[in-house]
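**Student:** Data file my_file_18.txt (compact mmCIF, C-alpha atoms) is appended below.
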# COMPACT_ATOMS: atom_id res chain seq x y z
CA MET A 1167 38.15 61.85 78.35
CA ASN A 1168 37.12 61.61 74.70
CA GLN A 1169 39.58 60.89 71.91
CA LYS A 1170 39.61 64.51 70.64
CA LYS A 1171 40.69 65.96 73.99
CA PHE A 1172 43.31 63.27 74.36
CA VAL A 1173 44.82 64.17 70.99
CA ILE A 1174 44.86 67.88 71.87
CA LEU A 1175 46.63 67.21 75.16
CA GLY A 1176 49.15 64.98 73.43
CA VAL A 1177 49.92 67.60 70.81
CA SER A 1178 50.30 70.29 73.51
CA ALA A 1179 52.72 68.11 75.43
CA VAL A 1180 54.81 67.54 72.34
CA VAL A 1181 54.87 71.28 71.59
CA LEU A 1182 55.89 72.14 75.14
CA LEU A 1183 58.57 69.48 75.15
CA GLY A 1184 59.90 70.75 71.84
CA ALA A 1185 59.92 74.31 73.10
CA GLY A 1186 61.82 73.25 76.20
CA VAL A 1187 64.41 71.39 74.15
CA TRP A 1188 64.79 74.37 71.79
CA LEU A 1189 65.18 76.82 74.69
CA SER A 1190 67.75 74.58 76.34
CA MET A 1191 69.72 74.24 73.10
CA HIS A 1192 69.48 77.97 72.48
CA ARG A 1193 70.85 78.78 75.92
CA THR A 1194 73.60 76.18 75.54
CA ASN A 1195 74.57 77.57 72.14
CA GLN A 1196 74.46 81.13 73.47
CA GLN A 1197 76.77 80.20 76.36
CA THR A 1198 79.06 78.25 74.04
CA ASN A 1199 79.29 81.24 71.74
CA ARG A 1200 80.25 83.50 74.65
CA SER A 1201 82.82 81.07 76.02
CA GLY A 1202 86.27 82.24 74.98
CA GLY A 1203 84.96 85.67 74.04
CA GLU A 1204 86.34 88.91 75.41
CA VAL A 1205 84.64 90.58 78.36
CA PHE A 1206 85.39 94.02 76.88
CA ALA A 1207 85.87 93.63 73.15
CA ASP A 1208 86.39 97.37 72.61
CA LEU A 1209 88.78 98.10 75.50
CA LYS A 1210 92.05 96.91 73.97
CA PRO A 1211 91.98 99.42 71.05
CA ALA A 1212 91.31 102.22 73.56
CA LEU A 1213 94.12 101.41 76.03
CA GLY A 1214 96.28 104.25 74.73
CA ASP A 1215 93.52 106.71 75.65
CA VAL A 1216 92.82 105.42 79.16
CA ASP A 1217 93.40 108.27 81.61
CA GLU A 1218 91.80 106.98 84.81
CA ILE A 1219 91.17 103.71 86.63
CA ARG A 1220 88.97 103.68 89.74
CA LEU A 1221 88.87 100.86 92.31
CA SER A 1222 86.33 100.89 95.13
CA ARG A 1223 84.60 98.69 97.71
CA GLY A 1224 81.49 99.03 99.84
CA ASP A 1225 83.58 99.53 102.99
CA GLY A 1226 84.71 102.91 101.64
CA SER A 1227 88.21 101.90 100.52
CA ARG A 1228 89.04 103.58 97.24
CA THR A 1229 91.97 104.19 94.90
CA THR A 1230 91.89 106.54 91.92
CA LEU A 1231 94.71 106.12 89.41
CA HIS A 1232 94.94 109.13 87.10
CA ARG A 1233 97.27 109.78 84.21
CA ASN A 1234 98.60 113.31 83.74
CA ALA A 1235 101.42 114.78 81.70
CA ASP A 1236 104.04 113.33 84.06
CA GLY A 1237 102.58 109.83 84.29
CA TRP A 1238 100.27 107.93 86.63
CA VAL A 1239 99.47 109.20 90.13
CA VAL A 1240 97.47 107.89 93.08
CA VAL A 1241 95.04 110.79 93.46
CA GLU A 1242 94.16 110.20 97.12
CA ARG A 1243 97.87 110.26 98.09
CA ASN A 1244 98.96 112.87 95.54
CA TYR A 1245 101.98 110.66 94.81
CA PRO A 1246 103.28 108.87 91.69
CA ALA A 1247 101.80 105.43 91.05
CA ASP A 1248 103.67 102.29 90.13
CA ALA A 1249 103.24 102.65 86.37
CA ALA A 1250 104.20 99.04 85.67
CA ARG A 1251 101.49 97.74 87.98
CA VAL A 1252 98.87 100.08 86.50
CA ARG A 1253 99.80 98.92 83.01
CA GLU A 1254 99.60 95.27 84.10
CA LEU A 1255 96.06 95.80 85.42
CA ALA A 1256 94.90 97.64 82.29
CA LEU A 1257 96.27 94.93 79.99
CA ALA A 1258 94.69 92.19 82.11
CA LEU A 1259 91.28 93.90 81.98
CA ALA A 1260 91.53 94.32 78.22
CA GLY A 1261 92.51 90.67 77.85
CA LEU A 1262 89.80 89.11 80.05
CA ARG A 1263 88.17 86.13 78.35
CA ILE A 1264 85.03 84.28 79.34
CA VAL A 1265 85.46 80.69 80.55
CA GLU A 1266 81.76 80.13 81.19
CA GLU A 1267 78.59 81.86 82.34
CA LYS A 1268 77.48 81.53 85.95
CA THR A 1269 74.48 82.46 88.03
CA ARG A 1270 71.92 85.09 87.07
CA ASP A 1271 70.20 84.89 90.43
CA PRO A 1272 71.00 87.93 92.64
CA ALA A 1273 70.52 85.71 95.69
CA ASN A 1274 73.65 83.79 94.66
CA TYR A 1275 75.88 86.75 93.77
CA ALA A 1276 77.47 86.92 97.23
CA LYS A 1277 78.67 83.32 96.91
CA LEU A 1278 80.80 84.39 93.96
CA GLY A 1279 81.63 87.80 95.40
CA VAL A 1280 79.93 89.68 92.55
CA GLU A 1281 77.21 91.43 94.57
CA ALA A 1282 76.83 95.19 94.15
CA PRO A 1283 79.66 96.87 96.10
CA ASP A 1284 77.34 99.31 97.85
CA LYS A 1285 77.33 97.82 101.36
CA PRO A 1286 80.17 97.61 103.92
CA THR A 1287 79.79 93.82 104.05
CA ALA A 1288 80.21 93.35 100.28
CA THR A 1289 83.41 91.54 99.28
CA SER A 1290 83.27 92.68 95.66
CA THR A 1291 85.40 95.38 94.04
CA LEU A 1292 84.09 97.80 91.44
CA VAL A 1293 86.60 98.58 88.68
CA GLU A 1294 85.99 101.51 86.35
CA VAL A 1295 88.26 102.20 83.39
CA VAL A 1296 87.85 105.62 81.82
CA ALA A 1297 89.03 106.81 78.40
CA GLY A 1298 87.64 110.23 77.55
CA LYS A 1299 83.84 109.97 77.68
CA GLN A 1300 83.73 106.16 77.68
CA THR A 1301 83.75 104.02 80.84
CA TRP A 1302 84.09 100.25 81.19
CA SER A 1303 82.75 98.95 84.53
CA LEU A 1304 83.20 95.54 86.10
CA ILE A 1305 82.42 93.99 89.47
CA VAL A 1306 85.28 91.66 90.42
CA GLY A 1307 84.62 88.85 92.85
CA LYS A 1308 86.36 85.77 94.23
CA GLY A 1309 89.22 83.97 92.56
CA VAL A 1310 89.24 80.28 91.69
CA ASP A 1311 92.47 78.36 92.37
CA ASN A 1312 94.62 81.30 91.22
CA ARG A 1313 93.61 80.58 87.63
CA ALA A 1314 90.29 82.40 87.14
CA VAL A 1315 87.99 84.93 88.80
CA TYR A 1316 84.26 85.62 88.98
CA VAL A 1317 83.05 88.93 87.54
CA ARG A 1318 79.84 90.66 86.56
CA LYS A 1319 79.04 93.81 84.61
CA PRO A 1320 76.93 96.09 86.83
CA ALA A 1321 74.22 96.48 84.18
CA GLU A 1322 73.92 92.74 83.48
CA ALA A 1323 72.38 89.93 85.50
CA VAL A 1324 74.66 87.13 84.31
CA SER A 1325 77.91 86.54 86.18
CA LEU A 1326 80.99 85.12 84.47
CA LEU A 1327 84.03 83.02 85.22
CA VAL A 1328 86.94 84.69 83.40
CA GLN A 1329 90.68 84.48 82.91
CA PRO A 1330 93.31 85.70 83.67
CA VAL A 1331 93.09 86.36 87.39
CA ILE A 1332 93.04 90.06 88.33
CA THR A 1333 93.43 91.47 91.86
CA PRO A 1334 92.21 95.08 91.82
CA ASP A 1335 92.91 95.79 95.49
CA PRO A 1336 91.71 99.34 96.38
CA ASP A 1337 94.35 99.71 99.10
CA GLN A 1338 96.07 102.94 98.02
CA LYS A 1339 99.54 102.11 99.29
CA ARG A 1340 99.64 99.03 97.06
CA TRP A 1341 99.56 101.29 93.99
CA ILE A 1342 102.08 104.01 94.89
CA ASP A 1343 105.60 103.78 93.49
CA ARG A 1344 107.43 102.77 96.67
CA LEU A 1345 111.00 102.98 95.39
CA ILE A 1346 113.00 105.76 97.05
CA THR A 1347 116.48 105.10 95.61
CA ASP A 1348 118.42 102.38 93.88
CA ILE A 1349 122.00 103.66 94.02
CA PRO A 1350 124.80 101.06 94.21
CA GLY A 1351 127.04 101.32 97.25
CA ALA A 1352 130.08 101.68 95.00
CA ASN A 1353 128.70 105.05 93.83
CA VAL A 1354 128.62 106.44 97.39
CA HIS A 1355 131.57 108.68 98.23
CA ASN A 1356 130.65 109.75 101.74
CA VAL A 1357 128.06 109.15 104.47
CA ALA A 1358 127.84 111.70 107.30
CA VAL A 1359 125.70 110.65 110.26
CA LYS A 1360 124.53 112.84 113.15
CA PRO A 1361 122.53 110.67 115.55
CA ALA A 1362 119.96 112.28 117.83
CA SER A 1363 122.17 111.03 120.66
CA GLY A 1364 125.77 109.96 120.55
CA PRO A 1365 128.81 111.11 118.54
CA SER A 1366 128.72 111.99 114.85
CA TYR A 1367 130.90 110.16 112.33
CA GLN A 1368 131.62 109.73 108.62
CA LEU A 1369 132.18 106.85 106.27
CA THR A 1370 134.25 107.73 103.20
CA ARG A 1371 135.25 105.94 100.02
CA ALA A 1372 138.21 108.03 98.96
CA ASN A 1373 138.22 107.27 95.24
CA ARG A 1374 135.99 105.78 92.59
CA GLY A 1375 136.60 102.08 92.39
CA ASP A 1376 137.79 101.71 95.99
CA ALA A 1377 136.33 98.56 97.48
CA ASP A 1378 135.86 99.79 101.04
CA VAL A 1379 134.85 102.82 103.05
CA THR A 1380 136.76 104.04 106.10
CA LEU A 1381 135.36 105.28 109.39
CA SER A 1382 136.32 108.56 111.00
CA PRO A 1383 136.84 109.48 113.71
CA VAL A 1384 137.80 106.28 115.50
CA PRO A 1385 137.88 106.83 119.27
CA LYS A 1386 141.28 106.47 120.92
CA GLY A 1387 142.00 102.92 121.92
CA ARG A 1388 139.28 101.49 119.64
CA THR A 1389 139.35 99.79 116.24
CA ALA A 1390 136.91 100.14 113.35
CA ALA A 1391 134.72 97.12 112.61
CA SER A 1392 135.25 94.91 109.59
CA SER A 1393 134.95 96.30 106.07
CA MET A 1394 131.81 94.22 105.61
CA SER A 1395 130.11 96.04 108.50
CA LEU A 1396 131.19 99.48 107.29
CA ASN A 1397 130.34 98.89 103.65
CA GLY A 1398 126.86 97.72 104.56
CA GLN A 1399 125.83 101.23 105.53
CA ALA A 1400 126.98 102.61 102.18
CA GLU A 1401 124.73 100.01 100.51
CA ALA A 1402 121.60 101.37 102.23
CA LEU A 1403 120.51 103.29 99.10
CA THR A 1404 120.33 100.12 96.99
CA GLY A 1405 116.78 98.88 96.42
CA PHE A 1406 115.47 101.27 99.09
CA HIS A 1407 111.65 101.00 99.28
CA PHE A 1408 109.24 102.61 101.73
CA ASP A 1409 106.12 101.11 103.32
CA ASP A 1410 103.78 104.11 103.24
CA ILE A 1411 103.69 107.91 103.06
CA ARG A 1412 101.91 110.68 104.91
CA SER A 1413 101.91 114.47 104.87
CA ALA A 1414 104.86 115.95 106.72
CA PRO A 1415 103.92 117.58 110.04
CA ALA A 1416 104.01 121.36 110.23
CA THR A 1417 106.63 121.13 112.98
CA PRO A 1418 109.42 118.60 112.31
CA ALA A 1419 109.99 116.02 115.03
CA THR A 1420 112.88 116.69 117.41
CA PRO A 1421 115.31 115.31 118.19
CA SER A 1422 115.97 113.57 114.90
CA ASP A 1423 118.65 111.38 113.40
CA VAL A 1424 120.33 112.79 110.28
CA ALA A 1425 122.26 110.91 107.60
CA THR A 1426 123.63 112.62 104.47
CA TYR A 1427 124.74 110.54 101.51
CA ARG A 1428 127.01 112.02 98.84
CA THR A 1429 127.73 110.21 95.59
CA PHE A 1430 130.70 110.55 93.25
CA ASP A 1431 128.47 112.11 90.58
CA GLY A 1432 127.45 114.95 92.91
CA GLN A 1433 124.11 113.76 94.26
CA VAL A 1434 123.37 114.72 97.88
CA ILE A 1435 120.50 113.05 99.75
CA GLU A 1436 119.76 113.99 103.36
CA PHE A 1437 117.53 111.82 105.55
CA SER A 1438 116.05 113.18 108.78
CA GLY A 1439 114.43 110.44 110.81
CA HIS A 1440 112.54 109.71 113.99
CA ARG A 1441 110.59 106.86 115.53
CA GLU A 1442 106.99 106.73 116.71
CA GLY A 1443 106.47 103.57 118.71
CA ASP A 1444 107.38 100.65 116.47
CA LYS A 1445 107.23 102.76 113.29
CA ALA A 1446 110.07 104.70 111.67
CA PHE A 1447 109.73 107.83 109.52
CA VAL A 1448 112.11 109.89 107.41
CA SER A 1449 111.83 113.15 105.53
CA ILE A 1450 114.16 113.68 102.59
CA ALA A 1451 115.94 116.70 101.11
CA THR A 1452 118.06 116.52 97.97
CA ARG A 1453 120.42 118.68 95.96
CA ARG A 1454 123.14 118.33 93.36
CA ASP A 1455 126.75 119.37 94.10
CA PRO A 1456 128.57 120.19 90.81
CA ALA A 1457 131.86 120.76 92.64
CA LEU A 1458 131.75 117.25 94.07
CA ALA A 1459 131.02 115.75 90.66
CA ALA A 1460 133.90 117.75 89.12
CA LYS A 1461 136.24 116.35 91.76
CA PHE A 1462 135.44 112.79 90.70
CA PRO A 1463 134.93 112.79 86.91
CA GLU A 1464 133.84 109.66 85.13
CA PRO A 1465 136.90 107.66 83.99
CA PRO A 1466 137.51 107.76 80.22
CA PRO A 1467 136.69 104.64 78.21
CA PRO A 1468 139.64 102.27 77.59
CA PRO A 1469 141.59 103.09 74.42
CA ALA A 1470 141.02 100.96 71.37
CA ILE A 1471 143.76 98.44 70.58
CA ALA A 1472 145.45 99.29 67.30
CA PRO A 1473 145.62 96.29 64.92
CA SER A 1474 149.01 95.05 63.73
CA PRO A 1475 149.99 96.03 60.17
CA SER A 1476 149.61 92.44 58.99
CA ALA A 1477 146.15 92.01 60.42
CA MET A 1478 143.03 92.20 58.35
CA PRO A 1479 141.31 95.60 58.48
CA VAL A 1480 138.62 95.73 61.17
CA PRO A 1481 135.61 98.05 60.89
CA ALA A 1482 135.66 100.87 63.42
CA ALA A 1483 133.63 100.20 66.53
CA PRO A 1484 130.47 102.28 66.79
CA THR A 1485 130.70 105.29 69.05
CA MET A 1486 128.92 104.61 72.32
CA PRO A 1487 126.57 107.36 73.51
CA ALA A 1488 127.58 109.23 76.65
CA LYS A 1489 126.25 107.70 79.87
CA ALA A 1490 123.07 109.48 80.96
CA PRO A 1491 123.45 111.10 84.39
CA ASP A 1492 121.57 109.54 87.29
CA GLN A 1493 118.56 111.80 87.95
CA THR A 1494 117.66 110.32 91.35
CA VAL A 1495 117.99 113.58 93.30
CA GLU A 1496 115.92 115.58 90.82
CA LYS A 1497 113.15 112.97 90.72
CA LEU A 1498 113.20 112.29 94.45
CA GLY A 1499 113.38 115.98 95.32
CA LEU A 1500 110.05 116.63 93.62
CA ARG A 1501 108.37 113.60 95.16
CA ALA A 1502 109.62 114.18 98.70
CA GLN A 1503 108.27 117.70 99.09
CA GLY A 1504 105.79 117.88 101.95
CA VAL A 1505 105.74 114.16 102.75
CA GLU A 1506 107.20 111.78 105.30
CA TYR A 1507 108.09 108.22 104.39
CA GLU A 1508 107.36 105.31 106.67
CA ILE A 1509 110.26 102.89 106.17
CA PRO A 1510 111.03 99.40 107.50
CA ALA A 1511 112.70 99.37 110.91
CA TYR A 1512 115.72 97.47 109.60
CA LYS A 1513 116.25 100.14 106.93
CA TYR A 1514 116.08 102.88 109.54
CA GLU A 1515 118.75 101.11 111.55
CA ALA A 1516 120.92 100.76 108.43
CA LEU A 1517 120.73 104.52 107.75
CA PHE A 1518 121.34 105.76 111.29
CA LYS A 1519 123.74 103.34 112.92
CA LYS A 1520 125.38 104.41 116.13
CA GLN A 1521 129.13 104.85 115.99
CA GLU A 1522 129.49 102.10 118.59
CA GLU A 1523 127.98 99.64 116.12
CA LEU A 1524 130.84 100.35 113.71
CA LEU A 1525 133.59 99.62 116.23
CA GLU A 1526 135.14 96.35 117.33
CA GLN A 1527 134.08 95.41 120.80
CA PRO A 1528 136.91 95.99 123.30
CA ALA A 1529 138.55 92.87 124.68
CA SER A 1530 137.28 91.77 128.06
CA PRO A 1531 139.80 92.36 130.86
CA ALA A 1532 141.72 89.28 131.92
CA LYS A 1533 140.57 87.69 135.12
CA LYS A 1534 142.95 88.03 138.03
Show this structure as structure tokens.

**Tutor:**
Amino acid sequence: MNQKKFVILGVSAVVLLGAGVWLSMHRTNQQTNRSGGEVFADLKPALGDVDEIRLSRGDGSRTTLHRNADGWVVVERNYPADAARVRELALALAGLRIVEEKTRDPANYAKLGVEAPDKPTATSTLVEVVAGKQTWSLIVGKGVDNRAVYVRKPAEAVSLLVQPVITPDPDQKRWIDRLITDIPGANVHNVAVKPASGPSYQLTRANRGDADVTLSPVPKGRTAASSMSLNGQAEALTGFHFDDIRSAPATPATPSDVATYRTFDGQVIEFSGHREGDKAFVSIATRRDPALAAKFPEPPPPPAIAPSPSAMPVPAAPTMPAKAPDQTVEKLGLRAQGVEYEIPAYKYEALFKKQEELLEQPASPAKK
């Protein structure tokens, strides 16, 4: 090789090496610049206009969260969504920040769970946030130690490790508002139970403020169970959540257990229930009874204590606004039309106890 060719090869090597170093530095700087940046820089200002969030997987599971005049609903179930959970997801998506860039090779997407969610075997979830004519799309993959998650925009090759963790599960029942009632037991005046089999009975708290309910009738020769046992049934409307919902059958199940709860403020909630194998279902009817509410008016506030003549003048206490009436029956009445609620078995048993369960066990006869 002559000296001229040697020089040319040397110069070419230097150029190539320099180009490689520059490209490496450029990519490093580009990744560094993206680190800490927002995944969707323009989503946060548009959160107030978001009217739909879609979650879907390749196996066909799908949840559509839509906002109408009355709030968020799960479209596929035609039932109100848990607005707090929807808001939490929207805020998390708007706040996603890039930790670092990951693979651009489609062959490695499945390892991170960011493959296209168009096959039943895909583990990724497609999230679409819609505000008017604008849509933000993101493929959400596997989490990392409950502190970060892999994602990829469908139109981009690069995958990202981002924070905070989001779990956009497309299981519809995870997004419905599963609270039925949250009425304290002390607000319950009467519970009337008609089991599908066995005698009917009532539990009654005679007056507002009474600590305990009483059972009637009590069979001759028997004694009612402890107050703790009786009061537990009146507490059944506190923190009452369901597991799932379905359309009510055209022909109601028979026979059915029936329990009617009446509150001091005139709310009447009737549960009709039946079992199917190891599952328990109830349908719900509600109404408001003004006569019952009038019978048990809210107690007046305690009178103000007049200061003594020698005391320093005290500014008048601000007038407290009237207590807003509990709207459980109105809200629940609209939701419960045409649906059956699947409820936990223990909750079913709390609603529809047999009278025998509310009685002391008779003493065993003495041995001769």

**Student:** Compare A:Val1295, A:Ile1411, A:Ala1460, A:Ile1435 by their minimum atom-to-atom distance to A:Arg1233, counting all atoms listed in the file, and give me the closest one.

**Tutor:**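 So, comparing all the options, the nearest one is A:Val1295.
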
**Student:** Just give me the gap between atom CA of A:Ser1422 and atom CA of A:Arg1441 in Å, one decimal is fine.

**Tutor:**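 Result for atom CA of A:Ser1422 versus atom CA of A:Arg1441: 8.6 Å, one decimal.
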
**Student:** Excluding A:Ser1363 and any residue of its chain fewer than 4 positions from it, enumerate the residues within 10 Å of it, using only C-alpha atoms, and give them as a ChimeraX atom specification.

**Tutor:** /A:1421-1423,1520

**Student:** What does the structure give for the distance between atom CA of A:Ala1362 and atom CA of A:Ala1425, in Å to one decimal?

**Tutor:**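 Atom CA of A:Ala1425 lies 10.6 Å from atom CA of A:Ala1362.
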
**Student:** Residues at most 9 Å from A:Arg1243, counting only C-alpha atoms, excluding those fewer than 3 positions away in the same chain, as number ranges by chain?

**Tutor:** A: 1239-1240, 1246, 1338-1339, 1342, 1411-1413

**Student:** Can you tell me how far atom CA of A:Phe1430 sits from atom CA of A:Leu1458, in Å to one decimal?

**Tutor:**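 Atom-to-atom, atom CA of A:Phe1430 to atom CA of A:Leu1458, that is 6.8 Å.
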
**Student:** Neighbouring residues of stretch 1371-1387 of chain A were defined as those with any atom within 7 Å, considering only C-alpha atoms; residues of the same chain fewer than 3 positions away were excluded. Please report them as a list in words.

**Tutor:**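 So the residues in contact are His1355, Asn1356, Tyr1367, Gln1368, Ala1390, Ser1393, Leu1396 and Asn1397 of chain A.
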
**Student:** Please produce an output containing C-alpha atoms for each residue in the selection, written as an mmCIF file, in the frame of the given file.

**Tutor:**
data_model
loop_
_atom_site.group_PDB
_atom_site.id
_atom_site.type_symbol
_atom_site.label_atom_id
_atom_site.label_comp_id
_atom_site.auth_asym_id
_atom_site.auth_seq_id
_atom_site.Cartn_x
_atom_site.Cartn_y
_atom_site.Cartn_z
ATOM 1 C CA HIS A 1355 131.570 108.680 98.230
ATOM 2 C CA ASN A 1356 130.650 109.750 101.740
ATOM 3 C CA TYR A 1367 130.900 110.160 112.330
ATOM 4 C CA GLN A 1368 131.620 109.730 108.620
ATOM 5 C CA ALA A 1390 136.910 100.140 113.350
ATOM 6 C CA SER A 1393 134.950 96.300 106.070
ATOM 7 C CA LEU A 1396 131.190 99.480 107.290
ATOM 8 C CA ASN A 1397 130.340 98.890 103.650
#

**Student:** For a quick check of understanding, using all atoms listed in the file, which of A:Gly1504, A:Pro1320, A:Pro1336, A:Gly1439 has the smallest distance to A:Pro1272?

**Tutor:**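 So, comparing all the options, the nearest one is A:Pro1320.
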
**Student:** Compile the contact shell of stretch 1309-1316 of chain A as a list in words: residues with an atom at most 10 Å away, counting all atoms listed in the file, same-chain residues fewer than 2 positions apart removed.

**Tutor:** Leu1262, Arg1263, Ile1264, Val1265, Glu1266, Glu1267, Lys1268, Tyr1275, Lys1277, Leu1278, Gly1279, Val1280, Ser1290, Ile1305, Val1306, Gly1307, Arg1318, Ser1325, Leu1326, Leu1327, Val1328, Gln1329, Pro1330, Val1331, Ile1332 and Thr1333 of chain A

**Student:** Grab the residues selected above and save them as an mmCIF file, in the coordinates of the input with C-alpha atoms.

**Tutor:**
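To be explicit, this is the file written out as out_16.cif:
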data_model
loop_
_atom_site.group_PDB
_atom_site.id
_atom_site.type_symbol
_atom_site.label_atom_id
_atom_site.label_comp_id
_atom_site.auth_asym_id
_atom_site.auth_seq_id
_atom_site.Cartn_x
_atom_site.Cartn_y
_atom_site.Cartn_z
ATOM 1 C CA LEU A 1262 89.800 89.110 80.050
ATOM 2 C CA ARG A 1263 88.170 86.130 78.350
ATOM 3 C CA ILE A 1264 85.030 84.280 79.340
ATOM 4 C CA VAL A 1265 85.460 80.690 80.550
ATOM 5 C CA GLU A 1266 81.760 80.130 81.190
ATOM 6 C CA GLU A 1267 78.590 81.860 82.340
ATOM 7 C CA LYS A 1268 77.480 81.530 85.950
ATOM 8 C CA TYR A 1275 75.880 86.750 93.770
ATOM 9 C CA LYS A 1277 78.670 83.320 96.910
ATOM 10 C CA LEU A 1278 80.800 84.390 93.960
ATOM 11 C CA GLY A 1279 81.630 87.800 95.400
ATOM 12 C CA VAL A 1280 79.930 89.680 92.550
ATOM 13 C CA SER A 1290 83.270 92.680 95.660
ATOM 14 C CA ILE A 1305 82.420 93.990 89.470
ATOM 15 C CA VAL A 1306 85.280 91.660 90.420
ATOM 16 C CA GLY A 1307 84.620 88.850 92.850
ATOM 17 C CA ARG A 1318 79.840 90.660 86.560
ATOM 18 C CA SER A 1325 77.910 86.540 86.180
ATOM 19 C CA LEU A 1326 80.990 85.120 84.470
ATOM 20 C CA LEU A 1327 84.030 83.020 85.220
ATOM 21 C CA VAL A 1328 86.940 84.690 83.400
ATOM 22 C CA GLN A 1329 90.680 84.480 82.910
ATOM 23 C CA PRO A 1330 93.310 85.700 83.670
ATOM 24 C CA VAL A 1331 93.090 86.360 87.390
ATOM 25 C CA ILE A 1332 93.040 90.060 88.330
ATOM 26 C CA THR A 1333 93.430 91.470 91.860
#

**Student:** Counting only C-alpha atoms, figure out which residue out of A:Arg1270, A:Lys1519, A:Lys1285, A:Lys1308 gets nearest to A:Asp1225.

**Tutor:**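 Looking only at the distances to A:Asp1225, the closest residue turns out to be A:Lys1285.
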